[in-house]
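These notes are about the structure you will find just below.
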Amino acid sequence: MTRWLFLALLLVALSVAVWYAYLGGFRSPGVQLITTAQPVYLAGRYFEGKASSDEFGPLFRQAQQVLDNGQLSGALGNIYYSDPEASDDTVRAFVGLVVADTTSQQLPPGYRYRTFPAGQRVVQAHLNASYMVAPDKLYSGAKNFMQEQKLTSAKIYLEQFPADAPAEVMAVVK
């Protein structure tokens with residue numbers, strides 16, 4: 001009986017490892033210091049409050065629905081105006097979609113535009129992985145790079161999760 005239990009546990013562990021690898025969980029992000037050449041436009045909603053609040057989670061699902069329903073074309077994306085990994089603090093974020101411009105599409109009700117300006121020095125981390133595993137790897141990669149290069153974060157982060165390109169986090173540095 002113990003042998004069958006051991007084999008079952010081994011099979012489950014192997015299945016989880018294969019699934020994690022498929023999602024890109026074992027990949028390392030590419031990280032570099034760049035100056036943004038073009039502005040990035042986002043359509044979405046602003047949120048300020050606790051990450052655990054009932055209003056924060058649905059913003060991500062609404063953005064996915066707007067994308068799935070064809071109301072806007074673009075990629076899932078967010079701007080955080082505070083460290084998203086600091087769970088005790090208040091989250092200040094603009095949650096929505098990265099769009100090509102601010103004129104070619106009509107915004108859904110309640111959505112607004114925000115711009116991540118060009119000409120900023122940022123640490124860019126990119127990874128070809130699912131949005132389920134990418135954020136942790138991207139943020140840790142960007143923060144490790146900043147420590148190694150002795151850079152100071154401005155605590156402004158842009159996340160992008162395009163369907164046809166690597167996931168990306170840009171962390172503005174001072």
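Going by the structure tokens order, chains are called A, B, ..., each with residues numbered from 1, while ligands are numbered from 1 in the order shown.
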Looking only at the backbone, which of the residues in stretch 14-158 of chain A does DSSP tag as strand (DSSP E), as an mmCIF file with N, CA, C and O atoms, in the first residue's frame?
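After the write, result-v1.cif holds the following:
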```cif
data_model
loop_
_atom_site.group_PDB
_atom_site.id
_atom_site.type_symbol
_atom_site.label_atom_id
_atom_site.label_comp_id
_atom_site.auth_asym_id
_atom_site.auth_seq_id
_atom_site.Cartn_x
_atom_site.Cartn_y
_atom_site.Cartn_z
ATOM 1 N N GLY A 30 15.049 38.113 -18.592
ATOM 2 C CA GLY A 30 16.090 38.978 -19.135
ATOM 3 C C GLY A 30 15.892 40.358 -18.530
ATOM 4 O O GLY A 30 14.767 40.854 -18.487
ATOM 5 N N VAL A 31 16.962 40.971 -18.045
ATOM 6 C CA VAL A 31 16.845 42.261 -17.348
ATOM 7 C C VAL A 31 17.881 43.225 -17.913
ATOM 8 O O VAL A 31 19.031 42.843 -18.142
ATOM 9 N N GLN A 32 17.466 44.487 -18.124
ATOM 10 C CA GLN A 32 18.384 45.510 -18.617
ATOM 11 C C GLN A 32 17.902 46.890 -18.181
ATOM 12 O O GLN A 32 16.727 47.080 -17.884
ATOM 13 N N LEU A 33 18.813 47.836 -18.180
ATOM 14 C CA LEU A 33 18.500 49.233 -17.888
ATOM 15 C C LEU A 33 18.341 49.952 -19.222
ATOM 16 O O LEU A 33 19.248 49.911 -20.063
ATOM 17 N N ILE A 34 17.194 50.579 -19.433
ATOM 18 C CA ILE A 34 16.920 51.284 -20.687
ATOM 19 C C ILE A 34 16.271 52.633 -20.387
ATOM 20 O O ILE A 34 15.863 52.907 -19.265
ATOM 21 N N THR A 35 16.161 53.438 -21.417
ATOM 22 C CA THR A 35 15.358 54.659 -21.367
ATOM 23 C C THR A 35 14.203 54.439 -22.329
ATOM 24 O O THR A 35 14.419 54.084 -23.494
ATOM 25 N N VAL A 40 3.713 54.583 -23.342
ATOM 26 C CA VAL A 40 2.844 53.404 -23.350
ATOM 27 C C VAL A 40 1.479 53.881 -22.871
ATOM 28 O O VAL A 40 1.375 54.516 -21.816
ATOM 29 N N TYR A 41 0.444 53.591 -23.644
ATOM 30 C CA TYR A 41 -0.909 54.030 -23.308
ATOM 31 C C TYR A 41 -1.688 52.873 -22.704
ATOM 32 O O TYR A 41 -1.641 51.759 -23.214
ATOM 33 N N LEU A 42 -2.417 53.166 -21.650
ATOM 34 C CA LEU A 42 -3.265 52.171 -21.011
ATOM 35 C C LEU A 42 -4.689 52.694 -20.920
ATOM 36 O O LEU A 42 -4.899 53.892 -20.701
ATOM 37 N N ALA A 43 -5.643 51.800 -21.073
ATOM 38 C CA ALA A 43 -7.056 52.096 -20.858
ATOM 39 C C ALA A 43 -7.492 51.230 -19.693
ATOM 40 O O ALA A 43 -7.256 50.020 -19.692
ATOM 41 N N GLY A 44 -8.080 51.843 -18.680
ATOM 42 C CA GLY A 44 -8.473 51.049 -17.526
ATOM 43 C C GLY A 44 -9.095 51.887 -16.437
ATOM 44 O O GLY A 44 -9.658 52.954 -16.686
ATOM 45 N N ARG A 45 -8.942 51.393 -15.215
ATOM 46 C CA ARG A 45 -9.519 52.044 -14.035
ATOM 47 C C ARG A 45 -8.459 52.187 -12.958
ATOM 48 O O ARG A 45 -7.625 51.306 -12.774
ATOM 49 N N TYR A 46 -8.554 53.294 -12.230
ATOM 50 C CA TYR A 46 -7.633 53.559 -11.125
ATOM 51 C C TYR A 46 -8.206 52.947 -9.850
ATOM 52 O O TYR A 46 -9.412 52.950 -9.617
ATOM 53 N N PHE A 47 -7.300 52.420 -9.021
ATOM 54 C CA PHE A 47 -7.691 51.856 -7.724
ATOM 55 C C PHE A 47 -6.709 52.323 -6.666
ATOM 56 O O PHE A 47 -5.502 52.337 -6.897
ATOM 57 N N GLU A 48 -7.239 52.675 -5.515
ATOM 58 C CA GLU A 48 -6.405 52.956 -4.348
ATOM 59 C C GLU A 48 -7.081 52.324 -3.144
ATOM 60 O O GLU A 48 -8.250 52.583 -2.863
ATOM 61 N N GLY A 49 -6.349 51.457 -2.463
ATOM 62 C CA GLY A 49 -6.892 50.764 -1.298
ATOM 63 C C GLY A 49 -6.063 49.534 -0.992
ATOM 64 O O GLY A 49 -4.969 49.339 -1.522
ATOM 65 N N ALA A 75 -3.309 44.468 -24.762
ATOM 66 C CA ALA A 75 -2.769 43.422 -23.894
ATOM 67 C C ALA A 75 -3.034 43.812 -22.450
ATOM 68 O O ALA A 75 -3.072 45.004 -22.116
ATOM 69 N N LEU A 76 -3.217 42.819 -21.612
ATOM 70 C CA LEU A 76 -3.396 43.118 -20.200
ATOM 71 C C LEU A 76 -2.198 43.907 -19.693
ATOM 72 O O LEU A 76 -1.052 43.585 -20.021
ATOM 73 N N GLY A 77 -2.457 44.930 -18.892
ATOM 74 C CA GLY A 77 -1.374 45.750 -18.382
ATOM 75 C C GLY A 77 -1.824 46.593 -17.210
ATOM 76 O O GLY A 77 -3.017 46.878 -17.051
ATOM 77 N N ASN A 78 -0.871 46.971 -16.374
ATOM 78 C CA ASN A 78 -1.158 47.747 -15.172
ATOM 79 C C ASN A 78 -0.013 48.697 -14.896
ATOM 80 O O ASN A 78 1.133 48.395 -15.221
ATOM 81 N N ILE A 79 -0.321 49.810 -14.252
ATOM 82 C CA ILE A 79 0.700 50.686 -13.702
ATOM 83 C C ILE A 79 0.493 50.695 -12.200
ATOM 84 O O ILE A 79 -0.619 50.972 -11.728
ATOM 85 N N TYR A 80 1.532 50.355 -11.464
ATOM 86 C CA TYR A 80 1.490 50.441 -10.006
ATOM 87 C C TYR A 80 2.255 51.685 -9.581
ATOM 88 O O TYR A 80 3.387 51.896 -10.013
ATOM 89 N N VAL A 91 -2.382 49.903 -1.973
ATOM 90 C CA VAL A 91 -2.040 49.723 -3.382
ATOM 91 C C VAL A 91 -2.636 50.892 -4.152
ATOM 92 O O VAL A 91 -3.798 51.240 -3.976
ATOM 93 N N ARG A 92 -1.806 51.494 -4.973
ATOM 94 C CA ARG A 92 -2.272 52.525 -5.906
ATOM 95 C C ARG A 92 -1.939 52.007 -7.291
ATOM 96 O O ARG A 92 -0.763 51.841 -7.615
ATOM 97 N N ALA A 93 -2.973 51.725 -8.079
ATOM 98 C CA ALA A 93 -2.742 51.070 -9.364
ATOM 99 C C ALA A 93 -3.756 51.519 -10.396
ATOM 100 O O ALA A 93 -4.878 51.897 -10.073
ATOM 101 N N PHE A 94 -3.327 51.468 -11.648
ATOM 102 C CA PHE A 94 -4.201 51.672 -12.789
ATOM 103 C C PHE A 94 -4.241 50.330 -13.510
ATOM 104 O O PHE A 94 -3.228 49.863 -14.029
ATOM 105 N N VAL A 95 -5.397 49.697 -13.520
ATOM 106 C CA VAL A 95 -5.545 48.328 -14.011
ATOM 107 C C VAL A 95 -6.341 48.338 -15.309
ATOM 108 O O VAL A 95 -7.422 48.928 -15.377
ATOM 109 N N GLY A 96 -5.806 47.689 -16.334
ATOM 110 C CA GLY A 96 -6.537 47.636 -17.597
ATOM 111 C C GLY A 96 -5.767 46.978 -18.707
ATOM 112 O O GLY A 96 -5.200 45.900 -18.526
ATOM 113 N N LEU A 97 -5.721 47.661 -19.855
ATOM 114 C CA LEU A 97 -5.106 47.120 -21.059
ATOM 115 C C LEU A 97 -4.128 48.122 -21.649
ATOM 116 O O LEU A 97 -4.398 49.327 -21.671
ATOM 117 N N VAL A 98 -3.008 47.616 -22.161
ATOM 118 C CA VAL A 98 -2.091 48.432 -22.938
ATOM 119 C C VAL A 98 -2.689 48.520 -24.336
ATOM 120 O O VAL A 98 -3.014 47.497 -24.945
ATOM 121 N N VAL A 99 -2.865 49.748 -24.822
ATOM 122 C CA VAL A 99 -3.480 49.966 -26.134
ATOM 123 C C VAL A 99 -2.506 50.715 -27.037
ATOM 124 O O VAL A 99 -1.564 51.353 -26.564
ATOM 125 N N ARG A 112 -10.749 54.950 -18.415
ATOM 126 C CA ARG A 112 -10.019 56.180 -18.717
ATOM 127 C C ARG A 112 -8.663 55.807 -19.301
ATOM 128 O O ARG A 112 -8.232 54.669 -19.205
ATOM 129 N N TYR A 113 -7.981 56.790 -19.867
ATOM 130 C CA TYR A 113 -6.629 56.579 -20.371
ATOM 131 C C TYR A 113 -5.604 57.058 -19.357
ATOM 132 O O TYR A 113 -5.828 58.023 -18.633
ATOM 133 N N ARG A 114 -4.457 56.380 -19.334
ATOM 134 C CA ARG A 114 -3.270 56.809 -18.600
ATOM 135 C C ARG A 114 -2.075 56.585 -19.518
ATOM 136 O O ARG A 114 -2.099 55.718 -20.378
ATOM 137 N N THR A 115 -1.027 57.367 -19.293
ATOM 138 C CA THR A 115 0.177 57.247 -20.101
ATOM 139 C C THR A 115 1.365 56.959 -19.203
ATOM 140 O O THR A 115 1.545 57.599 -18.165
ATOM 141 N N PHE A 116 2.168 55.997 -19.608
ATOM 142 C CA PHE A 116 3.465 55.738 -19.002
ATOM 143 C C PHE A 116 4.442 56.469 -19.915
ATOM 144 O O PHE A 116 4.674 56.043 -21.048
ATOM 145 N N ARG A 121 14.139 56.462 -17.293
ATOM 146 C CA ARG A 121 15.082 55.359 -17.075
ATOM 147 C C ARG A 121 14.343 54.275 -16.311
ATOM 148 O O ARG A 121 13.774 54.532 -15.249
ATOM 149 N N VAL A 122 14.347 53.073 -16.877
ATOM 150 C CA VAL A 122 13.642 51.959 -16.263
ATOM 151 C C VAL A 122 14.510 50.699 -16.300
ATOM 152 O O VAL A 122 15.353 50.540 -17.181
ATOM 153 N N VAL A 123 14.278 49.848 -15.331
ATOM 154 C CA VAL A 123 14.818 48.495 -15.386
ATOM 155 C C VAL A 123 13.720 47.656 -16.022
ATOM 156 O O VAL A 123 12.610 47.578 -15.503
ATOM 157 N N GLN A 124 14.047 47.084 -17.169
ATOM 158 C CA GLN A 124 13.088 46.293 -17.936
ATOM 159 C C GLN A 124 13.396 44.812 -17.729
ATOM 160 O O GLN A 124 14.498 44.362 -18.006
ATOM 161 N N ALA A 125 12.409 44.094 -17.226
ATOM 162 C CA ALA A 125 12.532 42.639 -17.070
ATOM 163 C C ALA A 125 11.477 42.001 -17.966
ATOM 164 O O ALA A 125 10.321 42.415 -17.963
ATOM 165 N N HIS A 126 11.892 41.020 -18.764
ATOM 166 C CA HIS A 126 10.952 40.348 -19.654
ATOM 167 C C HIS A 126 11.160 38.844 -19.562
ATOM 168 O O HIS A 126 12.258 38.363 -19.314
ATOM 169 N N LEU A 127 10.068 38.123 -19.747
ATOM 170 C CA LEU A 127 10.089 36.675 -19.587
ATOM 171 C C LEU A 127 8.983 36.064 -20.428
ATOM 172 O O LEU A 127 7.839 36.520 -20.377
ATOM 173 N N SER A 153 14.764 52.478 -6.753
ATOM 174 C CA SER A 153 13.458 52.399 -7.393
ATOM 175 C C SER A 153 12.634 53.641 -7.067
ATOM 176 O O SER A 153 12.647 54.132 -5.942
ATOM 177 N N ALA A 154 11.888 54.116 -8.057
ATOM 178 C CA ALA A 154 10.939 55.208 -7.845
ATOM 179 C C ALA A 154 9.579 54.657 -7.420
ATOM 180 O O ALA A 154 8.636 55.413 -7.217
ATOM 181 N N LYS A 155 9.478 53.341 -7.309
ATOM 182 C CA LYS A 155 8.260 52.625 -6.910
ATOM 183 C C LYS A 155 7.093 52.877 -7.872
ATOM 184 O O LYS A 155 5.947 52.989 -7.474
ATOM 185 N N ILE A 156 7.424 52.954 -9.164
ATOM 186 C CA ILE A 156 6.427 53.012 -10.230
ATOM 187 C C ILE A 156 6.756 51.873 -11.187
ATOM 188 O O ILE A 156 7.893 51.769 -11.654
ATOM 189 N N TYR A 157 5.765 51.029 -11.440
ATOM 190 C CA TYR A 157 5.984 49.817 -12.223
ATOM 191 C C TYR A 157 4.912 49.698 -13.303
ATOM 192 O O TYR A 157 3.732 49.919 -13.045
ATOM 193 N N LEU A 158 5.338 49.325 -14.487
ATOM 194 C CA LEU A 158 4.416 49.026 -15.577
ATOM 195 C C LEU A 158 4.511 47.536 -15.862
ATOM 196 O O LEU A 158 5.608 47.013 -16.087
#
```
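Among the candidate residues A:Pro117, A:Gln160, A:Met146, A:Val169, the one lying nearest to A:Thr36 is A:Pro117, with distances computed using only C-alpha atoms.
Here the question is which of A:Gly74, A:Pro29, A:Gly110, A:Pro84 gets nearest to A:Gly141 using only C-alpha atoms, and that residue is A:Pro29.
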- Query: So what do you get for atom CA of A:Ala37 versus atom CA of A:Asp83, distance-wise?
  - Reply: 23.7 Å
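For the pair atom CA of A:Glu85 and atom CA of A:Ala142, the separation is 12.6 Å.
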- So how many Å separate atom CA of A:Lys137 and atom CA of A:Glu159, to one decimal? 12.3 Å
